[in-house]
$ cat entry.txt   # compact mmCIF, C-alpha atoms
# COMPACT_ATOMS: atom_id res chain seq x y z
CA MET B 11 0.00 0.00 0.00
CA ILE B 12 1.19 3.48 -0.83
CA LYS B 13 2.35 5.54 2.12
CA SER B 14 1.50 9.16 2.88
CA GLN B 15 2.33 11.78 5.45
CA ILE B 16 0.70 15.09 6.34
CA ARG B 17 3.18 17.92 6.00
CA TYR B 18 3.31 21.65 6.58
CA SER B 19 5.89 23.73 4.76
CA TRP B 20 6.31 27.41 5.44
CA ILE B 21 8.51 27.83 2.34
CA TYR B 22 6.07 26.02 0.06
CA SER B 23 3.03 27.82 1.47
CA ARG B 24 4.85 31.12 1.08
CA MET B 25 5.59 30.29 -2.58
CA LEU B 26 1.86 29.75 -3.12
CA ALA B 27 0.90 32.87 -1.18
CA PRO B 28 3.70 35.43 -0.77
CA GLU B 29 1.44 37.53 1.46
CA LEU B 30 1.30 34.78 4.11
CA LYS B 31 2.89 35.85 7.38
CA ILE B 32 4.88 33.38 9.49
CA GLU B 33 2.67 34.06 12.54
CA ASP B 34 -0.44 33.22 10.51
CA PHE B 35 1.19 30.06 9.20
CA ARG B 36 2.14 28.93 12.71
CA GLU B 37 -1.41 29.55 13.88
CA PHE B 38 -2.73 27.60 10.88
CA VAL B 39 -0.51 24.62 11.73
CA GLU B 40 -1.68 24.62 15.34
CA LYS B 41 -5.36 24.91 14.43
CA SER B 42 -5.03 22.20 11.75
CA LYS B 43 -3.84 19.50 14.16
CA PRO B 44 -7.34 18.08 14.85
CA PHE B 45 -7.96 17.75 11.11
CA GLU B 46 -4.55 16.15 10.66
CA GLU B 47 -5.46 13.55 13.29
CA LYS B 48 -8.80 12.89 11.56
CA ILE B 49 -7.04 12.39 8.22
CA LYS B 50 -4.48 10.03 9.73
CA LYS B 51 -7.33 7.80 10.93
CA ILE B 52 -9.02 7.52 7.52
CA LEU B 53 -6.19 7.90 5.00
CA SER B 54 -5.52 4.19 4.61
CA LYS B 55 -9.27 3.61 4.07
CA ILE B 56 -9.34 6.26 1.33
CA LYS B 57 -6.36 4.68 -0.45
CA LYS B 58 -7.85 1.16 -0.21
CA ILE B 59 -11.18 2.38 -1.59
CA ILE B 60 -9.39 4.10 -4.48
CA GLU B 61 -7.46 0.93 -5.27
CA LYS B 62 -10.66 -1.12 -5.12
CA ASN B 63 -12.66 1.25 -7.35
CA HIS B 64 -10.05 1.91 -9.98
CA ASP B 65 -7.58 -0.41 -11.65
CA GLY B 66 -4.05 0.73 -12.03
CA LYS B 67 -0.96 1.20 -9.97
CA TRP B 68 0.13 4.17 -7.96
CA LYS B 69 2.85 6.11 -9.72
CA TYR B 70 4.66 6.73 -6.44
CA ASP B 71 5.39 4.65 -3.35
CA PHE B 72 5.02 7.72 -1.14
CA ILE B 73 2.78 10.78 -1.47
CA PRO B 74 3.32 13.64 0.93
CA ILE B 75 0.17 15.65 1.59
CA TYR B 76 0.85 19.33 2.16
CA LEU B 77 -1.74 21.31 4.09
CA THR B 78 -1.74 24.99 3.27
CA PRO B 79 -4.04 27.83 4.28
CA ILE B 80 -3.92 29.78 1.03
CA ASN B 81 -4.08 28.82 -2.63
CA LYS B 82 -6.72 29.11 -5.32
CA ILE B 83 -7.27 25.37 -5.58
CA SER B 84 -5.94 22.11 -4.18
CA ILE B 85 -3.56 20.29 -6.51
CA SER B 86 -2.57 16.68 -6.99
CA ASP B 87 1.19 16.86 -7.55
CA PRO B 88 2.66 17.75 -5.18
CA LEU B 89 -0.55 16.90 -3.37
CA THR B 90 -1.52 20.18 -1.81
CA LEU B 91 -4.72 20.46 0.14
CA VAL B 92 -6.02 23.95 0.76
CA TYR B 93 -7.50 23.65 4.21
CA LYS B 94 -9.93 26.32 5.38
CA PHE B 95 -11.25 24.44 8.43
CA HIS B 96 -14.07 22.74 6.51
CA ASP B 97 -13.18 19.17 7.40
CA ARG B 98 -15.78 17.24 5.42
CA TYR B 99 -15.28 19.27 2.22
CA SER B 100 -11.51 18.89 2.59
CA ILE B 101 -11.87 15.11 2.90
CA VAL B 102 -13.85 15.04 -0.37
CA THR B 103 -11.13 17.17 -1.99
CA LEU B 104 -8.43 14.87 -0.64
CA CYS B 105 -10.17 11.85 -2.18
CA HIS B 106 -10.27 13.67 -5.53
CA GLU B 107 -6.59 14.67 -5.40
CA LEU B 108 -5.49 11.17 -4.38
CA LEU B 109 -7.52 9.79 -7.29
CA HIS B 110 -5.64 12.20 -9.58
CA ASN B 111 -2.41 10.72 -8.25
CA HIS B 112 -3.69 7.21 -8.84
CA LEU B 113 -4.58 8.12 -12.43
CA SER B 114 -1.30 9.87 -13.18
CA GLY B 115 0.18 8.63 -16.39
CA LYS B 116 -3.20 8.16 -18.07
CA LYS B 117 -3.69 10.50 -21.00
CA PHE B 118 -6.79 12.62 -21.45
CA GLU B 119 -7.55 15.13 -24.19
CA ASN B 120 -8.12 17.94 -21.72
CA PRO B 121 -8.90 18.58 -18.03
CA LYS B 122 -12.65 18.63 -18.63
CA ILE B 123 -12.63 15.10 -20.06
CA LEU B 124 -10.35 13.95 -17.23
CA HIS B 125 -12.74 15.32 -14.61
CA GLU B 126 -15.78 13.83 -16.36
CA PHE B 127 -13.99 10.46 -16.20
CA MET B 128 -13.07 10.98 -12.55
CA GLU B 129 -16.43 12.15 -11.21
CA PRO B 130 -18.24 8.79 -11.00
CA ILE B 131 -15.14 7.11 -9.55
CA ASN B 132 -14.67 9.85 -6.96
CA ASN B 133 -18.39 9.69 -6.12
CA LYS B 134 -18.05 5.96 -5.42
CA ILE B 135 -14.95 6.51 -3.30
CA VAL B 136 -16.49 9.27 -1.19
CA LEU B 137 -19.82 7.47 -0.68
CA GLU B 138 -18.05 4.27 0.33
CA LEU B 139 -15.87 6.25 2.73
CA GLU B 140 -19.01 7.82 4.15
CA LYS B 141 -20.45 4.35 4.82
CA GLU B 142 -17.25 3.04 6.37
CA THR B 143 -16.57 6.00 8.63
CA GLY B 144 -20.00 7.44 9.38
CA LEU B 145 -18.79 10.87 8.23
CA LYS B 146 -21.53 12.78 6.42
CA LEU B 147 -19.84 13.59 3.11
CA SER B 148 -22.52 13.34 0.41
CA ASP B 149 -23.66 16.97 0.73
CA LYS B 150 -20.05 18.16 0.42
CA LEU B 151 -19.51 15.81 -2.54
CA GLU B 152 -22.42 17.44 -4.35
CA LYS B 153 -20.98 20.91 -3.67
CA PHE B 154 -17.53 19.74 -4.83
CA ASN B 155 -18.91 18.28 -8.08
CA ILE B 156 -20.71 21.53 -8.88
CA LYS B 157 -17.52 23.51 -8.29
CA ILE B 158 -15.48 21.24 -10.59
CA LYS B 159 -18.10 21.47 -13.36
CA GLU B 160 -18.09 25.25 -13.09
CA MET B 161 -14.31 25.29 -13.49
CA TYR B 162 -14.50 23.42 -16.80
CA LYS B 163 -17.54 24.97 -18.49

$ encode --input "entry.txt" --output "structure tokens"
Amino acid sequence: MIKSQIRYSWIYSRMLAPELKIEDFREFVEKSKPFEEKIKKILSKIKKIIEKNHDGKWKYDFIPIYLTPINKISISDPLTLVYKFHDRYSIVTLCHELLHNHLSGKKFENPKILHEFMEPINNKIVLELEKETGLKLSDKLEKFNIKIKEMYK
């Protein structure tokens, strides 16, 4: 199974958002600890569900997951999760970005086609995670899907 680790990087976060102050970053790290603990408890479940719902091998043996307070969007490589203290929405986003990682190497004509391919798989992953953990994620999944569709209109 692929390994992951939650990371915080002042330098990386500052590259994404030059206006970020060190004091604000330190406060973000401190306030993010409960979410980090929540993710640690379900991360292996997310990865197993992804593997079960999509064929293919992980491109990497290890995927660091950077939490950052500021960026326009979360990204898959390096996996960067913009965390704004909305735990359930962030978990849905994490599933999506991990699925991107799992699909890396597959060729798609454009990002819209890629995301149309990913949506039903991500839906399955998130809904299965919801069942396994008891976390209410379906409402956040719906919001997430709408946001992605709006990005690629």

$ atom_distance --input "entry.txt" --atom1 "CA of Val102 (chain B)" --atom2 "CA of Asp65 (chain B)"
20.1 Å

$ atom_distance --input "entry.txt" --atom1 "CA of Lys55 (chain B)" --atom2 "CA of Glu142 (chain B)"
8.3 Å

$ residues_near_point --input "entry.txt" --point "(-16.5, 13.2, 3.3)" --cutoff "8 Å" --atoms "only C-alpha atoms" --output "ChimeraX atom specification"
/B:97-102,136-137,139-140,145-148,150-151

$ residues_around --input "entry.txt" --residues "Lys50 (chain B)" --least-positions-apart "6" --cutoff "10 Å" --atoms "all atoms listed in the file" --output "list in words"
Ser14, Gln15, Ile16 and Pro44 of chain B

$ residues_near_point --input "entry.txt" --point "(-7.6, 22.0, 8.4)" --cutoff "6 Å" --atoms "all atoms listed in the file" --output "VMD selection string"
chain B and resid 42 45 93 to 95

$ closest_residue --input "entry.txt" --among "B:His106, B:Arg36, B:Lys163, B:Lys43" --to "Lys134 (chain B)" --atoms "only C-alpha atoms"
B:His106

$ closest_residue --input "entry.txt" --among "B:Ile59, B:Asn133, B:Leu109, B:Pro121" --to "Asp149 (chain B)" --atoms "all atoms listed in the file"
B:Asn133

$ build_atoms --input "entry.txt" --residues "region 77-102 of chain B" --atoms "N, CA and C atoms" --output "PDB file, in the frame of the given file"
ATOM      1  N   LEU B  77      -0.597  20.470   3.710  1.00  0.00           N
ATOM      2  CA  LEU B  77      -1.740  21.310   4.090  1.00  0.00           C
ATOM      3  C   LEU B  77      -1.273  22.749   4.024  1.00  0.00           C
ATOM      4  N   THR B  78      -2.070  23.578   3.377  1.00  0.00           N
ATOM      5  CA  THR B  78      -1.740  24.990   3.270  1.00  0.00           C
ATOM      6  C   THR B  78      -2.994  25.826   3.462  1.00  0.00           C
ATOM      7  N   PRO B  79      -2.858  27.012   4.024  1.00  0.00           N
ATOM      8  CA  PRO B  79      -4.040  27.830   4.280  1.00  0.00           C
ATOM      9  C   PRO B  79      -4.495  28.647   3.083  1.00  0.00           C
ATOM     10  N   ILE B  80      -3.592  28.863   2.123  1.00  0.00           N
ATOM     11  CA  ILE B  80      -3.920  29.780   1.030  1.00  0.00           C
ATOM     12  C   ILE B  80      -3.451  29.194  -0.296  1.00  0.00           C
ATOM     13  N   ASN B  81      -4.350  29.129  -1.229  1.00  0.00           N
ATOM     14  CA  ASN B  81      -4.080  28.820  -2.630  1.00  0.00           C
ATOM     15  C   ASN B  81      -5.428  28.874  -3.320  1.00  0.00           C
ATOM     16  N   LYS B  82      -5.435  29.049  -4.620  1.00  0.00           N
ATOM     17  CA  LYS B  82      -6.720  29.110  -5.320  1.00  0.00           C
ATOM     18  C   LYS B  82      -7.427  27.761  -5.283  1.00  0.00           C
ATOM     19  N   ILE B  83      -6.685  26.707  -5.559  1.00  0.00           N
ATOM     20  CA  ILE B  83      -7.270  25.370  -5.580  1.00  0.00           C
ATOM     21  C   ILE B  83      -6.280  24.362  -4.989  1.00  0.00           C
ATOM     22  N   SER B  84      -6.802  23.221  -4.587  1.00  0.00           N
ATOM     23  CA  SER B  84      -5.940  22.110  -4.180  1.00  0.00           C
ATOM     24  C   SER B  84      -5.366  21.498  -5.457  1.00  0.00           C
ATOM     25  N   ILE B  85      -4.200  20.884  -5.344  1.00  0.00           N
ATOM     26  CA  ILE B  85      -3.560  20.290  -6.510  1.00  0.00           C
ATOM     27  C   ILE B  85      -3.068  18.876  -6.171  1.00  0.00           C
ATOM     28  N   SER B  86      -2.882  18.078  -7.222  1.00  0.00           N
ATOM     29  CA  SER B  86      -2.570  16.680  -6.990  1.00  0.00           C
ATOM     30  C   SER B  86      -1.074  16.368  -6.916  1.00  0.00           C
ATOM     31  N   ASP B  87      -0.227  17.199  -7.525  1.00  0.00           N
ATOM     32  CA  ASP B  87       1.190  16.860  -7.550  1.00  0.00           C
ATOM     33  C   ASP B  87       2.042  18.126  -7.560  1.00  0.00           C
ATOM     34  N   PRO B  88       2.711  18.453  -6.448  1.00  0.00           N
ATOM     35  CA  PRO B  88       2.660  17.750  -5.180  1.00  0.00           C
ATOM     36  C   PRO B  88       1.275  17.912  -4.538  1.00  0.00           C
ATOM     37  N   LEU B  89       0.803  16.864  -3.914  1.00  0.00           N
ATOM     38  CA  LEU B  89      -0.550  16.900  -3.370  1.00  0.00           C
ATOM     39  C   LEU B  89      -0.616  17.995  -2.309  1.00  0.00           C
ATOM     40  N   THR B  90      -1.400  18.993  -2.640  1.00  0.00           N
ATOM     41  CA  THR B  90      -1.520  20.180  -1.810  1.00  0.00           C
ATOM     42  C   THR B  90      -2.984  20.412  -1.527  1.00  0.00           C
ATOM     43  N   LEU B  91      -3.335  20.318  -0.273  1.00  0.00           N
ATOM     44  CA  LEU B  91      -4.720  20.460   0.140  1.00  0.00           C
ATOM     45  C   LEU B  91      -4.897  21.822   0.803  1.00  0.00           C
ATOM     46  N   VAL B  92      -5.700  22.662   0.162  1.00  0.00           N
ATOM     47  CA  VAL B  92      -6.020  23.950   0.760  1.00  0.00           C
ATOM     48  C   VAL B  92      -7.036  23.661   1.850  1.00  0.00           C
ATOM     49  N   TYR B  93      -6.641  23.967   3.067  1.00  0.00           N
ATOM     50  CA  TYR B  93      -7.500  23.650   4.210  1.00  0.00           C
ATOM     51  C   TYR B  93      -7.984  24.947   4.847  1.00  0.00           C
ATOM     52  N   LYS B  94      -9.309  25.110   4.822  1.00  0.00           N
ATOM     53  CA  LYS B  94      -9.930  26.320   5.380  1.00  0.00           C
ATOM     54  C   LYS B  94     -10.868  25.941   6.535  1.00  0.00           C
ATOM     55  N   PHE B  95     -10.528  24.876   7.237  1.00  0.00           N
ATOM     56  CA  PHE B  95     -11.250  24.440   8.430  1.00  0.00           C
ATOM     57  C   PHE B  95     -12.670  23.951   8.109  1.00  0.00           C
ATOM     58  N   HIS B  96     -12.826  23.401   6.912  1.00  0.00           N
ATOM     59  CA  HIS B  96     -14.070  22.740   6.510  1.00  0.00           C
ATOM     60  C   HIS B  96     -13.715  21.267   6.319  1.00  0.00           C
ATOM     61  N   ASP B  97     -13.714  20.535   7.405  1.00  0.00           N
ATOM     62  CA  ASP B  97     -13.180  19.170   7.400  1.00  0.00           C
ATOM     63  C   ASP B  97     -13.816  18.267   6.351  1.00  0.00           C
ATOM     64  N   ARG B  98     -15.122  18.200   6.318  1.00  0.00           N
ATOM     65  CA  ARG B  98     -15.780  17.240   5.420  1.00  0.00           C
ATOM     66  C   ARG B  98     -15.512  17.595   3.952  1.00  0.00           C
ATOM     67  N   TYR B  99     -15.565  18.863   3.605  1.00  0.00           N
ATOM     68  CA  TYR B  99     -15.280  19.270   2.220  1.00  0.00           C
ATOM     69  C   TYR B  99     -13.813  18.953   1.881  1.00  0.00           C
ATOM     70  N   SER B 100     -12.922  19.180   2.821  1.00  0.00           N
ATOM     71  CA  SER B 100     -11.510  18.890   2.590  1.00  0.00           C
ATOM     72  C   SER B 100     -11.253  17.403   2.405  1.00  0.00           C
ATOM     73  N   ILE B 101     -12.012  16.566   3.084  1.00  0.00           N
ATOM     74  CA  ILE B 101     -11.870  15.110   2.900  1.00  0.00           C
ATOM     75  C   ILE B 101     -12.306  14.728   1.492  1.00  0.00           C
ATOM     76  N   VAL B 102     -13.393  15.299   1.004  1.00  0.00           N
ATOM     77  CA  VAL B 102     -13.850  15.040  -0.370  1.00  0.00           C
ATOM     78  C   VAL B 102     -12.767  15.480  -1.356  1.00  0.00           C
TER      79      VAL B 102
END
